[in-house]
2 protein chains.
Amino acid sequence: MSEYTGHDQTGATVGIVKKEYFTFTDQSDPLTLESGATLAPVTLAYETCGTLNADKSNVILILHALTGDSHMAGYYKAGDPKPGWWDIMVGPGKGIDTDKYFVICSNILGSCMGSTGPSSTNPDTGEPYGTDFPMITVGDMVRTQKALLDHLGIKRLLSVIGGSVGGMQVLEWTVRYPDMVASAIPLATTCRHSALAIAFNEVARQSIMADPNWNNGDYYGGKKPDMGLAIARMIGHITYLSDESMRMKFGRRLQNRSALKFEFGAEFQVESYLQYQGNKFIERFDANSFLYITKAADYFDLAREYGKGSLVNAFSGAKSKFLVVSYTSDWLYPTYQSKEMVKAMKKNNLDVSFCEIDAQWGHDAFLLPDPRIDNLITGFLRSVTQ
Amino acid sequence: MSEYTGHDQTGATVGIVKKEYFTFTDQSDPLTLESGATLAPVTLAYETCGTLNADKSNVILILHALTGDSHMAGYYKAGDPKPGWWDIMVGPGKGIDTDKYFVICSNILGSCMGSTGPSSTNPDTGEPYGTDFPMITVGDMVRTQKALLDHLGIKRLLSVIGGSVGGMQVLEWTVRYPDMVASAIPLATTCRHSALAIAFNEVARQSIMADPNWNNGDYYGGKKPDMGLAIARMIGHITYLSDESMRMKFGRRLQNRSALKFEFGAEFQVESYLQYQGNKFIERFDANSFLYITKAADYFDLAREYGKGSLVNAFSGAKSKFLVVSYTSDWLYPTYQSKEMVKAMKKNNLDVSFCEIDAQWGHDAFLLPDPRIDNLITGFLRSVTQ
């Protein structure tokens with residue numbers, strides 16, 4: 001597969017992968033969500049790489065972030081311009097070595113990348129759910145992932161790994177199914193969304209809902225709320241970067257000109273970049289899915305869900321070995337939030353390694369090539385398998 | 001005037017104040033702006049407090065932030081629910097003591113609070129300018145303030161004081177009219193807008209321009225782009241607070257309920273607060289003014305304007321004594337930006353005092369009651385008059 005090179009130095013790749021689907025529950029026995037609402041059927045899109053060993057002891061579950069999908073590594077077909085979203089990490093000889101591990105990534109419930117979400121058909125009406133889709137939680141996402149593993153006959157995970165909203169799912173896994181999780185790597189994440197993080201999500205949602213094309217979520221087949229969704233993405237994108245990275249990446253440089261033109265529109269490179277990110281996003285993501293998944297992130301609060309308000313209590317049943325990673329310039333889920341979870345884990349005598357990586361790239365750092373995180377993950381996984 | 005108490009401990013107030021207007025230039029001799037465009041007539045709304053002394057040596061110019069106005073202190077009339085925006089600072093015996101100083105505040109060019117801006121009548125058409133209003137800069141704002149001082153017969157300022165975009169005007173004053181400015185207090189500000197600050201402003205502008213009611217800026221007399229402007233304000237408002245202050249003020253507390261309702265809309269207090277701020281803002285501010293003033297802030301770059309790229313060069317002609325103040329939790333204009341300006345001032349052997357105030361309230365800290373800043377300003381002004 002030498003024609004498909006990932007972003008890593010070796011060019012190693014898992015090669016061609018397939019988008020697979022798992023559907024479960026029906027309307028006679030639907031999934032009851034944490035909100036109390038029911039949902040059926042439920043489909044998850046997923047991808048696997050590597051080979052499951054005989055005793056099924058080499059399974060790693062990768063959990064993706066807000067707008068990610070199941071396509072973590074490799075290519076769907078020859079000629080694809082880009083590999084999966086974590087191809088730098090998942091592959092032969094990479095941080096998560098597919099020569100050793102059987103790696104699964106499923107698209108989260110509520111998304112629009114093959115799993116059941118607001119753009120899926122509501123069996124009651126034959127039309128897309130729109131805002132009739134029930135509210136979901138990170139706990140609901142994890143319960144559907146558990147159903148997928150049951151379906152695949154997998155009883156125990158060597159590790160659950162994910163960043164951001166994926167990291168929330170990692171944490172949820174360790175307290176919801178403690179006996180299934182040997183180890184866990186929550187990256188650039190938090191045990192509960194801060195007021196600041198909720199605030200940014202809420203403004204992004206307001207931006208979508210203010211778009212007349214949103215039409216209370218009923219826009220499938222018509223004009224989509226592209227403007228609102230693009231602005232929501234721009235807001236989100238700013239929070240994924242950092243003051244420092246934006247200074248290095250853009251500074252005050254102008255877009256395609258040497259002098260100010262004194263006009264509205266993208267005069268500075270940073271403006272042009274954000275508009276590009278917004279416009280690219282609307283081609284691949286559904287506005288309603290954005291609404292539902294950001295709400296799930298805002299609801300996430302491990303202390304409330306499992307600890308009667310105490311994070312220490314929340315981890316009292318956890319049994320995993322942990323590697324917690326934060327990034328110095330991540331101001332969306334700052335290091336103090338990772339330290340809080342590490343403290344709560346340690347108070348429960350859990351085996352926890354913590355690393356704050358000095359990186360200027362903000363929250364997005366966990367998605368960028370960095371041998372430090374590769375080495376950390378490789379070493380940690382080796383310590384779990386020994 | 002004891003019935004009108006400000007936020008300060010003493011309840012001292014300047015009492016009833018008047019909104020005054022100064023109009024200059026006409027179409028035969030218009031103001032040429034930094035963009036090269038011309039503007040006439042130009043009106044500034046302004047307010048004065050205190051008494052001008054015989055030799056006109058006790059004048060302080062207050063410069064307001066993005067959405068502020070000339071109404072800095074006191075009340076327009078008996079029964080007004082709220083005093084001017086800096087009533088905690090400006091009044092008898094206060095940090096800026098109106099028993100000693102003659103204090104002037106003028107509404108900035110481009111605003112909608114009495115000064116000429118996009119909602120003013122374009123004499124060429126008899127209709128509001130809308131986006132036919134020319135682009136303005138912080139330099140243009142300061143030049144119109146200079147015209148107002150000329151009109152009032154004031155040749156020298158004891159001090160120019162302002163925070164945020166007001167602080168930019170302070171800095172502009174010290175390099176543009178060095179002989180007129182004895183001292184300057186730039187608070188919570190920057191010598192140039194960072195990429196991060198530009199990014200937030202741009203997304204806020206996009207939000208306004210995406211509102212169909214914006215109609216390319218031509219909405220006067222019709223439906224206003226209220227949704228877009230409210231979202232723009234919410235975005236801005238988040239940047240005025242801090243992670244810490246939002247945690248203290250809201251945390252994850254729910255609005256008027258004890259359990260999650262799993263619905264869109266304001267479930268968390270922070271969501272409700274932001275929506276309230278957005279909705280309150282649209283009653284008092286013009287969306288086009290927001291566009292023009294944020295652009296002026298984004299353009300602001302003292303090094304580019306005066307120093308051929310060097311901040312040290314930019315201050316080479318400055319003569320003022322400086323008190324530079326930053327706040328620990330201000331992540332919009334972080335302390336390192338104040339330190340950059342202090343360093344550049346010191347390299348020019350200017351008399352500079354610098355104070356970083358330890359405060360958790362983010363960028364907005366400069367508008368909140370705090371005896372430390374009162375004492376700093378009082379002491380600094382005393383040192384200037386001695």
# chains A, B, ... in the order shown; residues from 1 in each chain; ligands from 1
$ interface_residues --of "chain A" --to "chain B" --cutoff "6 Å" --atoms "only C-alpha atoms" --output "PyMOL selection string"
chain A and resi 135+195-196+243+246-247+251+262
$ residues_around --residues "Ser338 of chain A" --least-positions-apart "3" --cutoff "10 Å" --atoms "only C-alpha atoms" --output "VMD selection string"
chain A and resid 186 to 191 324 to 327 333 to 335 341 to 344 354 to 356
$ write_last_selection --atoms "C-alpha atoms" --output "JSON list (two decimals), in the first residue's frame"
[["chain", "number", "residue", "atom", "x", "y", "z"],
["A", 186, "PRO", "CA", -8.23, 10.33, 28.18],
["A", 187, "LEU", "CA", -6.51, 13.07, 26.18],
["A", 188, "ALA", "CA", -7.17, 16.83, 26.35],
["A", 189, "THR", "CA", -10.47, 16.34, 28.09],
["A", 190, "THR", "CA", -12.46, 17.05, 31.24],
["A", 191, "CYS", "CA", -14.70, 15.30, 33.75],
["A", 324, "VAL", "CA", -4.09, 11.19, 31.53],
["A", 325, "VAL", "CA", -2.67, 13.72, 29.07],
["A", 326, "SER", "CA", -3.22, 17.48, 28.93],
["A", 327, "TYR", "CA", -1.62, 20.22, 26.84],
["A", 333, "TYR", "CA", -10.06, 21.90, 28.83],
["A", 334, "PRO", "CA", -7.13, 23.37, 30.74],
["A", 335, "THR", "CA", -4.60, 21.27, 32.63],
["A", 341, "MET", "CA", -9.42, 13.97, 37.57],
["A", 342, "VAL", "CA", -5.93, 12.65, 38.36],
["A", 343, "LYS", "CA", -6.40, 13.66, 42.00],
["A", 344, "ALA", "CA", -9.79, 11.95, 42.18],
["A", 354, "PHE", "CA", -0.27, 11.99, 34.16],
["A", 355, "CYS", "CA", 1.55, 14.04, 31.58],
["A", 356, "GLU", "CA", 1.11, 17.69, 30.69]]
$ residues_around --residues "Thr174 of chain A" --least-positions-apart "5" --cutoff "9 Å" --atoms "only C-alpha atoms" --output "PDB file with N, CA, C and O atoms, in the first residue's frame"
ATOM      1  N   VAL A 160      -9.141   1.943  26.193  1.00  0.00           N
ATOM      2  CA  VAL A 160     -10.040   2.888  25.521  1.00  0.00           C
ATOM      3  C   VAL A 160      -9.273   4.202  25.442  1.00  0.00           C
ATOM      4  O   VAL A 160      -8.696   4.661  26.428  1.00  0.00           O
ATOM      5  N   GLN A 169     -15.921  10.173  26.646  1.00  0.00           N
ATOM      6  CA  GLN A 169     -16.408   8.790  26.491  1.00  0.00           C
ATOM      7  C   GLN A 169     -15.449   7.805  27.160  1.00  0.00           C
ATOM      8  O   GLN A 169     -15.879   6.833  27.786  1.00  0.00           O
ATOM      9  N   ASP A 179     -15.241  -3.315  34.712  1.00  0.00           N
ATOM     10  CA  ASP A 179     -14.647  -4.650  34.546  1.00  0.00           C
ATOM     11  C   ASP A 179     -14.233  -4.933  33.104  1.00  0.00           C
ATOM     12  O   ASP A 179     -13.550  -5.906  32.835  1.00  0.00           O
ATOM     13  N   MET A 180     -14.694  -4.077  32.184  1.00  0.00           N
ATOM     14  CA  MET A 180     -14.368  -4.319  30.776  1.00  0.00           C
ATOM     15  C   MET A 180     -13.126  -3.571  30.320  1.00  0.00           C
ATOM     16  O   MET A 180     -12.651  -3.793  29.211  1.00  0.00           O
ATOM     17  N   VAL A 181     -12.626  -2.649  31.163  1.00  0.00           N
ATOM     18  CA  VAL A 181     -11.602  -1.710  30.685  1.00  0.00           C
ATOM     19  C   VAL A 181     -10.289  -1.906  31.452  1.00  0.00           C
ATOM     20  O   VAL A 181     -10.164  -1.500  32.610  1.00  0.00           O
ATOM     21  N   ALA A 182      -9.310  -2.508  30.803  1.00  0.00           N
ATOM     22  CA  ALA A 182      -8.022  -2.707  31.469  1.00  0.00           C
ATOM     23  C   ALA A 182      -7.265  -1.393  31.625  1.00  0.00           C
ATOM     24  O   ALA A 182      -6.643  -1.141  32.652  1.00  0.00           O
ATOM     25  N   SER A 183      -7.349  -0.556  30.616  1.00  0.00           N
ATOM     26  CA  SER A 183      -6.636   0.724  30.704  1.00  0.00           C
ATOM     27  C   SER A 183      -7.355   1.788  29.884  1.00  0.00           C
ATOM     28  O   SER A 183      -8.176   1.462  29.010  1.00  0.00           O
ATOM     29  N   ALA A 184      -7.024   3.031  30.184  1.00  0.00           N
ATOM     30  CA  ALA A 184      -7.747   4.147  29.558  1.00  0.00           C
ATOM     31  C   ALA A 184      -6.804   5.321  29.353  1.00  0.00           C
ATOM     32  O   ALA A 184      -5.993   5.636  30.230  1.00  0.00           O
ATOM     33  N   PHE A 315     -15.150   8.027  40.748  1.00  0.00           N
ATOM     34  CA  PHE A 315     -14.149   7.038  40.320  1.00  0.00           C
ATOM     35  C   PHE A 315     -14.017   5.871  41.297  1.00  0.00           C
ATOM     36  O   PHE A 315     -13.124   5.039  41.138  1.00  0.00           O
ATOM     37  N   GLY A 317     -15.612   3.195  41.718  1.00  0.00           N
ATOM     38  CA  GLY A 317     -15.746   1.840  41.169  1.00  0.00           C
ATOM     39  C   GLY A 317     -14.793   1.546  40.028  1.00  0.00           C
ATOM     40  O   GLY A 317     -14.737   0.421  39.531  1.00  0.00           O
ATOM     41  N   ALA A 318     -14.040   2.561  39.575  1.00  0.00           N
ATOM     42  CA  ALA A 318     -13.169   2.367  38.410  1.00  0.00           C
ATOM     43  C   ALA A 318     -12.025   1.418  38.738  1.00  0.00           C
ATOM     44  O   ALA A 318     -11.588   1.318  39.884  1.00  0.00           O
ATOM     45  N   LYS A 319     -11.561   0.673  37.734  1.00  0.00           N
ATOM     46  CA  LYS A 319     -10.503  -0.326  37.952  1.00  0.00           C
ATOM     47  C   LYS A 319      -9.374  -0.200  36.934  1.00  0.00           C
ATOM     48  O   LYS A 319      -8.395  -0.934  37.022  1.00  0.00           O
ATOM     49  N   SER A 320      -9.540   0.703  35.959  1.00  0.00           N
ATOM     50  CA  SER A 320      -8.559   0.800  34.867  1.00  0.00           C
ATOM     51  C   SER A 320      -7.247   1.383  35.365  1.00  0.00           C
ATOM     52  O   SER A 320      -7.196   2.104  36.357  1.00  0.00           O
TER      53      SER A 320
END
$ closest_residue --among "B:Tyr46, B:Trp214, B:Tyr101, B:Phe290" --to "Pro118 of chain B" --atoms "only C-alpha atoms"
B:Phe290
$ residues_around --residues "Arg382 of chain A" --least-positions-apart "4" --cutoff "12 Å" --atoms "only C-alpha atoms" --output "list in words"
Asn58, Gly95, Ile96, Asp97, Lys100, Tyr101, Leu158, Ser159, Ser183, Asn375, Leu376, Ile377, Thr378 and Gln386 of chain A
$ write_last_selection --atoms "N, CA, C and O atoms" --output "CSV table (one decimal), in the first residue's frame"
chain,number,residue,atom,x,y,z
A,58,ASN,N,-6.5,-8.3,22.6
A,58,ASN,CA,-5.7,-7.2,22.1
A,58,ASN,C,-6.6,-6.1,21.5
A,58,ASN,O,-6.2,-5.5,20.5
A,95,GLY,N,2.0,4.7,17.1
A,95,GLY,CA,1.7,4.7,18.6
A,95,GLY,C,0.7,3.7,19.0
A,95,GLY,O,0.8,3.0,20.0
A,96,ILE,N,-0.4,3.5,18.2
A,96,ILE,CA,-1.3,2.4,18.4
A,96,ILE,C,-1.1,1.5,17.3
A,96,ILE,O,-1.6,1.7,16.2
A,97,ASP,N,-0.3,0.4,17.6
A,97,ASP,CA,0.3,-0.4,16.5
A,97,ASP,C,-0.7,-1.5,16.1
A,97,ASP,O,-1.0,-2.4,16.8
A,100,LYS,N,0.0,-5.2,16.4
A,100,LYS,CA,-0.2,-5.8,17.7
A,100,LYS,C,-1.7,-5.8,18.1
A,100,LYS,O,-2.2,-6.8,18.7
A,101,TYR,N,-2.4,-4.7,17.8
A,101,TYR,CA,-3.7,-4.5,18.4
A,101,TYR,C,-4.8,-4.6,17.3
A,101,TYR,O,-4.6,-4.2,16.2
A,158,LEU,N,-8.4,-3.9,26.0
A,158,LEU,CA,-7.1,-3.6,26.5
A,158,LEU,C,-6.9,-2.1,26.9
A,158,LEU,O,-6.3,-1.7,27.8
A,159,SER,N,-7.6,-1.3,26.0
A,159,SER,CA,-7.5,0.2,26.3
A,159,SER,C,-8.7,0.9,25.6
A,159,SER,O,-9.1,0.4,24.5
A,183,SER,N,-7.3,-0.6,30.6
A,183,SER,CA,-6.6,0.7,30.7
A,183,SER,C,-7.4,1.8,29.9
A,183,SER,O,-8.2,1.5,29.0
A,375,ASN,N,5.1,8.2,21.8
A,375,ASN,CA,6.0,7.4,22.7
A,375,ASN,C,5.2,7.1,24.0
A,375,ASN,O,5.4,6.0,24.6
A,376,LEU,N,4.5,8.1,24.5
A,376,LEU,CA,3.8,8.0,25.8
A,376,LEU,C,2.8,6.8,25.6
A,376,LEU,O,2.7,5.9,26.5
A,377,ILE,N,2.0,6.8,24.5
A,377,ILE,CA,1.0,5.9,24.3
A,377,ILE,C,1.6,4.5,24.1
A,377,ILE,O,1.1,3.5,24.7
A,378,THR,N,2.6,4.4,23.3
A,378,THR,CA,3.3,3.1,23.0
A,378,THR,C,3.8,2.5,24.3
A,378,THR,O,3.5,1.3,24.6
A,386,GLN,N,2.0,-6.1,29.5
A,386,GLN,CA,3.1,-7.0,30.2
A,386,GLN,C,2.5,-7.7,31.4
A,386,GLN,O,1.6,-7.2,32.0
$ residues_around --residues "Tyr220 of chain A" --least-positions-apart "6" --cutoff "9 Å" --atoms "only C-alpha atoms" --output "VMD selection string"
chain A and resid 119 127 to 128 130
$ write_last_selection --atoms "all heavy atoms" --output "mmCIF file, in the first residue's frame"
data_model
loop_
_atom_site.group_PDB
_atom_site.id
_atom_site.type_symbol
_atom_site.label_atom_id
_atom_site.label_comp_id
_atom_site.auth_asym_id
_atom_site.auth_seq_id
_atom_site.Cartn_x
_atom_site.Cartn_y
_atom_site.Cartn_z
ATOM 1 N N SER A 119 -30.453 13.299 11.501
ATOM 2 C CA SER A 119 -30.695 13.241 10.053
ATOM 3 C C SER A 119 -31.167 11.854 9.607
ATOM 4 O O SER A 119 -31.495 11.658 8.435
ATOM 5 C CB SER A 119 -29.432 13.641 9.282
ATOM 6 O OG SER A 119 -28.352 12.787 9.618
ATOM 7 N N GLU A 127 -39.791 10.204 7.837
ATOM 8 C CA GLU A 127 -39.046 11.441 7.532
ATOM 9 C C GLU A 127 -37.835 11.530 8.472
ATOM 10 O O GLU A 127 -37.800 10.858 9.502
ATOM 11 C CB GLU A 127 -39.949 12.666 7.798
ATOM 12 C CG GLU A 127 -41.233 12.709 7.000
ATOM 13 C CD GLU A 127 -40.988 13.044 5.539
ATOM 14 O OE1 GLU A 127 -40.053 13.819 5.265
ATOM 15 O OE2 GLU A 127 -41.714 12.501 4.673
ATOM 16 N N PRO A 128 -36.859 12.391 8.147
ATOM 17 C CA PRO A 128 -35.749 12.566 9.091
ATOM 18 C C PRO A 128 -36.259 13.058 10.456
ATOM 19 O O PRO A 128 -37.227 13.820 10.520
ATOM 20 C CB PRO A 128 -34.872 13.632 8.423
ATOM 21 C CG PRO A 128 -35.200 13.550 6.975
ATOM 22 C CD PRO A 128 -36.660 13.182 6.914
ATOM 23 N N GLY A 130 -34.976 15.213 12.601
ATOM 24 C CA GLY A 130 -34.834 16.629 12.961
ATOM 25 C C GLY A 130 -34.802 16.741 14.471
ATOM 26 O O GLY A 130 -34.212 15.900 15.162
#
$ select_by_dssp --residues "segment 238-328 of chain B" --states "strand (DSSP E)" --output "number ranges by chain"
B: 321-327
$ write_last_selection --atoms "N, CA and C atoms" --output "mmCIF file, in the first residue's frame"
data_model
loop_
_atom_site.group_PDB
_atom_site.id
_atom_site.type_symbol
_atom_site.label_atom_id
_atom_site.label_comp_id
_atom_site.auth_asym_id
_atom_site.auth_seq_id
_atom_site.Cartn_x
_atom_site.Cartn_y
_atom_site.Cartn_z
ATOM 1 N N LYS B 321 3.883 60.635 30.845
ATOM 2 C CA LYS B 321 4.132 59.722 31.948
ATOM 3 C C LYS B 321 3.043 58.649 31.854
ATOM 4 N N PHE B 322 3.406 57.382 32.069
ATOM 5 C CA PHE B 322 2.432 56.292 31.860
ATOM 6 C C PHE B 322 2.149 55.498 33.129
ATOM 7 N N LEU B 323 0.896 55.131 33.272
ATOM 8 C CA LEU B 323 0.522 54.067 34.213
ATOM 9 C C LEU B 323 -0.178 52.996 33.382
ATOM 10 N N VAL B 324 0.478 51.861 33.210
ATOM 11 C CA VAL B 324 -0.078 50.754 32.427
ATOM 12 C C VAL B 324 -0.628 49.711 33.391
ATOM 13 N N VAL B 325 -1.878 49.306 33.170
ATOM 14 C CA VAL B 325 -2.506 48.344 34.075
ATOM 15 C C VAL B 325 -3.054 47.162 33.279
ATOM 16 N N SER B 326 -2.713 45.960 33.718
ATOM 17 C CA SER B 326 -3.311 44.751 33.135
ATOM 18 C C SER B 326 -3.921 43.917 34.256
ATOM 19 N N TYR B 327 -4.698 42.917 33.870
ATOM 20 C CA TYR B 327 -5.375 42.061 34.849
ATOM 21 C C TYR B 327 -5.000 40.603 34.590
#
$ residues_around --residues "Val103 of chain B" --least-positions-apart "5" --cutoff "9 Å" --atoms "only C-alpha atoms" --output "JSON, numbers by chain"
{"B": [47, 48, 49, 50, 51, 52, 58, 59, 60, 61, 62, 90, 96, 97, 98]}
$ write_last_selection --atoms "C-alpha atoms" --output "PDB file, in the first residue's frame"
ATOM      1  CA  GLU B  47     -20.173  64.886  28.542  1.00  0.00           C
ATOM      2  CA  THR B  48     -18.203  66.926  31.041  1.00  0.00           C
ATOM      3  CA  CYS B  49     -18.003  66.745  34.824  1.00  0.00           C
ATOM      4  CA  GLY B  50     -16.182  68.949  37.313  1.00  0.00           C
ATOM      5  CA  THR B  51     -14.958  72.501  36.756  1.00  0.00           C
ATOM      6  CA  LEU B  52     -12.354  73.699  34.310  1.00  0.00           C
ATOM      7  CA  ASN B  58      -6.943  70.134  35.194  1.00  0.00           C
ATOM      8  CA  VAL B  59      -8.428  68.388  32.173  1.00  0.00           C
ATOM      9  CA  ILE B  60      -8.762  64.622  31.996  1.00  0.00           C
ATOM     10  CA  LEU B  61     -10.049  62.887  28.871  1.00  0.00           C
ATOM     11  CA  ILE B  62     -11.826  59.578  29.401  1.00  0.00           C
ATOM     12  CA  VAL B  90     -15.573  59.389  38.188  1.00  0.00           C
ATOM     13  CA  ILE B  96     -10.904  60.411  39.138  1.00  0.00           C
ATOM     14  CA  ASP B  97     -11.953  63.209  41.478  1.00  0.00           C
ATOM     15  CA  THR B  98     -14.384  65.677  39.909  1.00  0.00           C
TER      16      THR B  98
END
$ select_by_dssp --residues "segment 66-281 of chain A" --states "alpha helix (DSSP H)" --output "number ranges by chain"
A: 138-151, 165-176, 195-210, 226-240, 243-249, 269-281
$ write_last_selection --atoms "C-alpha atoms" --output "mmCIF file, in the first residue's frame"
data_model
loop_
_atom_site.group_PDB
_atom_site.id
_atom_site.type_symbol
_atom_site.label_atom_id
_atom_site.label_comp_id
_atom_site.auth_asym_id
_atom_site.auth_seq_id
_atom_site.Cartn_x
_atom_site.Cartn_y
_atom_site.Cartn_z
ATOM 1 C CA VAL A 138 -22.129 10.717 26.609
ATOM 2 C CA GLY A 139 -23.475 7.824 28.690
ATOM 3 C CA ASP A 140 -25.848 6.929 25.838
ATOM 4 C CA MET A 141 -22.983 6.999 23.357
ATOM 5 C CA VAL A 142 -20.971 4.613 25.520
ATOM 6 C CA ARG A 143 -23.911 2.242 26.025
ATOM 7 C CA THR A 144 -24.313 1.885 22.279
ATOM 8 C CA GLN A 145 -20.575 1.236 21.938
ATOM 9 C CA LYS A 146 -20.956 -1.520 24.557
ATOM 10 C CA ALA A 147 -23.719 -3.054 22.432
ATOM 11 C CA LEU A 148 -21.370 -3.027 19.435
ATOM 12 C CA LEU A 149 -18.658 -4.827 21.431
ATOM 13 C CA ASP A 150 -21.204 -7.410 22.624
ATOM 14 C CA HIS A 151 -22.142 -7.956 19.001
ATOM 15 C CA VAL A 165 -15.433 14.609 23.598
ATOM 16 C CA GLY A 166 -13.758 11.253 22.847
ATOM 17 C CA GLY A 167 -11.941 11.598 26.171
ATOM 18 C CA MET A 168 -15.278 12.121 27.928
ATOM 19 C CA GLN A 169 -16.408 8.790 26.491
ATOM 20 C CA VAL A 170 -13.147 7.207 27.707
ATOM 21 C CA LEU A 171 -13.857 8.431 31.243
ATOM 22 C CA GLU A 172 -17.485 7.315 31.023
ATOM 23 C CA TRP A 173 -16.326 3.822 29.947
ATOM 24 C CA THR A 174 -14.060 3.478 32.989
ATOM 25 C CA VAL A 175 -16.809 4.188 35.498
ATOM 26 C CA ARG A 176 -19.768 2.615 33.653
ATOM 27 C CA ALA A 195 -19.245 27.255 32.202
ATOM 28 C CA LEU A 196 -16.820 28.658 29.618
ATOM 29 C CA ALA A 197 -17.085 25.541 27.443
ATOM 30 C CA ILE A 198 -20.889 25.514 27.792
ATOM 31 C CA ALA A 199 -20.953 29.204 26.868
ATOM 32 C CA PHE A 200 -19.084 28.673 23.606
ATOM 33 C CA ASN A 201 -21.276 25.706 22.699
ATOM 34 C CA GLU A 202 -24.434 27.648 23.472
ATOM 35 C CA VAL A 203 -23.432 30.603 21.281
ATOM 36 C CA ALA A 204 -22.571 28.170 18.482
ATOM 37 C CA ARG A 205 -25.993 26.535 18.860
ATOM 38 C CA GLN A 206 -27.705 29.934 18.907
ATOM 39 C CA SER A 207 -25.940 30.740 15.676
ATOM 40 C CA ILE A 208 -27.389 27.640 13.997
ATOM 41 C CA MET A 209 -30.858 28.146 15.422
ATOM 42 C CA ALA A 210 -30.848 31.818 14.349
ATOM 43 C CA ASP A 226 -25.173 26.663 6.224
ATOM 44 C CA MET A 227 -24.446 30.196 7.438
ATOM 45 C CA GLY A 228 -25.338 29.368 11.014
ATOM 46 C CA LEU A 229 -23.373 26.129 10.971
ATOM 47 C CA ALA A 230 -20.316 27.817 9.427
ATOM 48 C CA ILE A 231 -20.324 30.442 12.186
ATOM 49 C CA ALA A 232 -20.781 27.737 14.833
ATOM 50 C CA ARG A 233 -17.726 25.972 13.410
ATOM 51 C CA MET A 234 -15.694 29.190 13.409
ATOM 52 C CA ILE A 235 -16.519 29.741 17.086
ATOM 53 C CA GLY A 236 -15.544 26.170 17.869
ATOM 54 C CA HIS A 237 -12.395 26.412 15.802
ATOM 55 C CA ILE A 238 -11.113 29.397 17.753
ATOM 56 C CA THR A 239 -11.430 27.377 20.968
ATOM 57 C CA TYR A 240 -9.386 24.539 19.446
ATOM 58 C CA ASP A 243 -3.395 32.699 21.386
ATOM 59 C CA GLU A 244 0.147 31.457 20.835
ATOM 60 C CA SER A 245 -0.614 29.172 17.895
ATOM 61 C CA MET A 246 -2.707 31.845 16.197
ATOM 62 C CA ARG A 247 0.095 34.351 16.658
ATOM 63 C CA MET A 248 2.560 31.941 15.083
ATOM 64 C CA LYS A 249 0.221 30.725 12.358
ATOM 65 C CA GLN A 269 -5.229 35.731 7.123
ATOM 66 C CA VAL A 270 -6.870 34.568 10.322
ATOM 67 C CA GLU A 271 -10.247 35.777 8.998
ATOM 68 C CA SER A 272 -9.769 33.978 5.709
ATOM 69 C CA TYR A 273 -8.703 30.800 7.525
ATOM 70 C CA LEU A 274 -11.790 30.794 9.748
ATOM 71 C CA GLN A 275 -14.119 31.373 6.817
ATOM 72 C CA TYR A 276 -12.443 28.506 4.977
ATOM 73 C CA GLN A 277 -12.863 26.219 7.989
ATOM 74 C CA GLY A 278 -16.516 27.193 8.309
ATOM 75 C CA ASN A 279 -17.254 26.623 4.633
ATOM 76 C CA LYS A 280 -15.417 23.307 4.539
ATOM 77 C CA PHE A 281 -17.327 22.084 7.576
#
$ atom_distance --atom1 "atom CA of Ser289 of chain A" --atom2 "atom CA of Cys112 of chain A"
6.3 Å
$ atom_distance --atom1 "atom CA of Ala314 of chain B" --atom2 "atom CA of Ile108 of chain B"
23.1 Å
$ atom_distance --atom1 "atom CA of Pro371 of chain B" --atom2 "atom CA of Ile104 of chain B"
22.4 Å
$ residues_around --residues "Tyr76 of chain B" --least-positions-apart "5" --cutoff "6 Å" --atoms "only C-alpha atoms" --output "short mmCIF file (atom, residue, chain, number, x, y, z; two decimals) with C-alpha atoms, in the first residue's frame"
data_model
loop_
_atom_site.label_atom_id
_atom_site.label_comp_id
_atom_site.auth_asym_id
_atom_site.auth_seq_id
_atom_site.Cartn_x
_atom_site.Cartn_y
_atom_site.Cartn_z
CA ILE B 16 -27.16 65.58 36.78
CA VAL B 17 -25.10 65.71 33.60
CA LYS B 18 -25.96 66.73 30.08
#
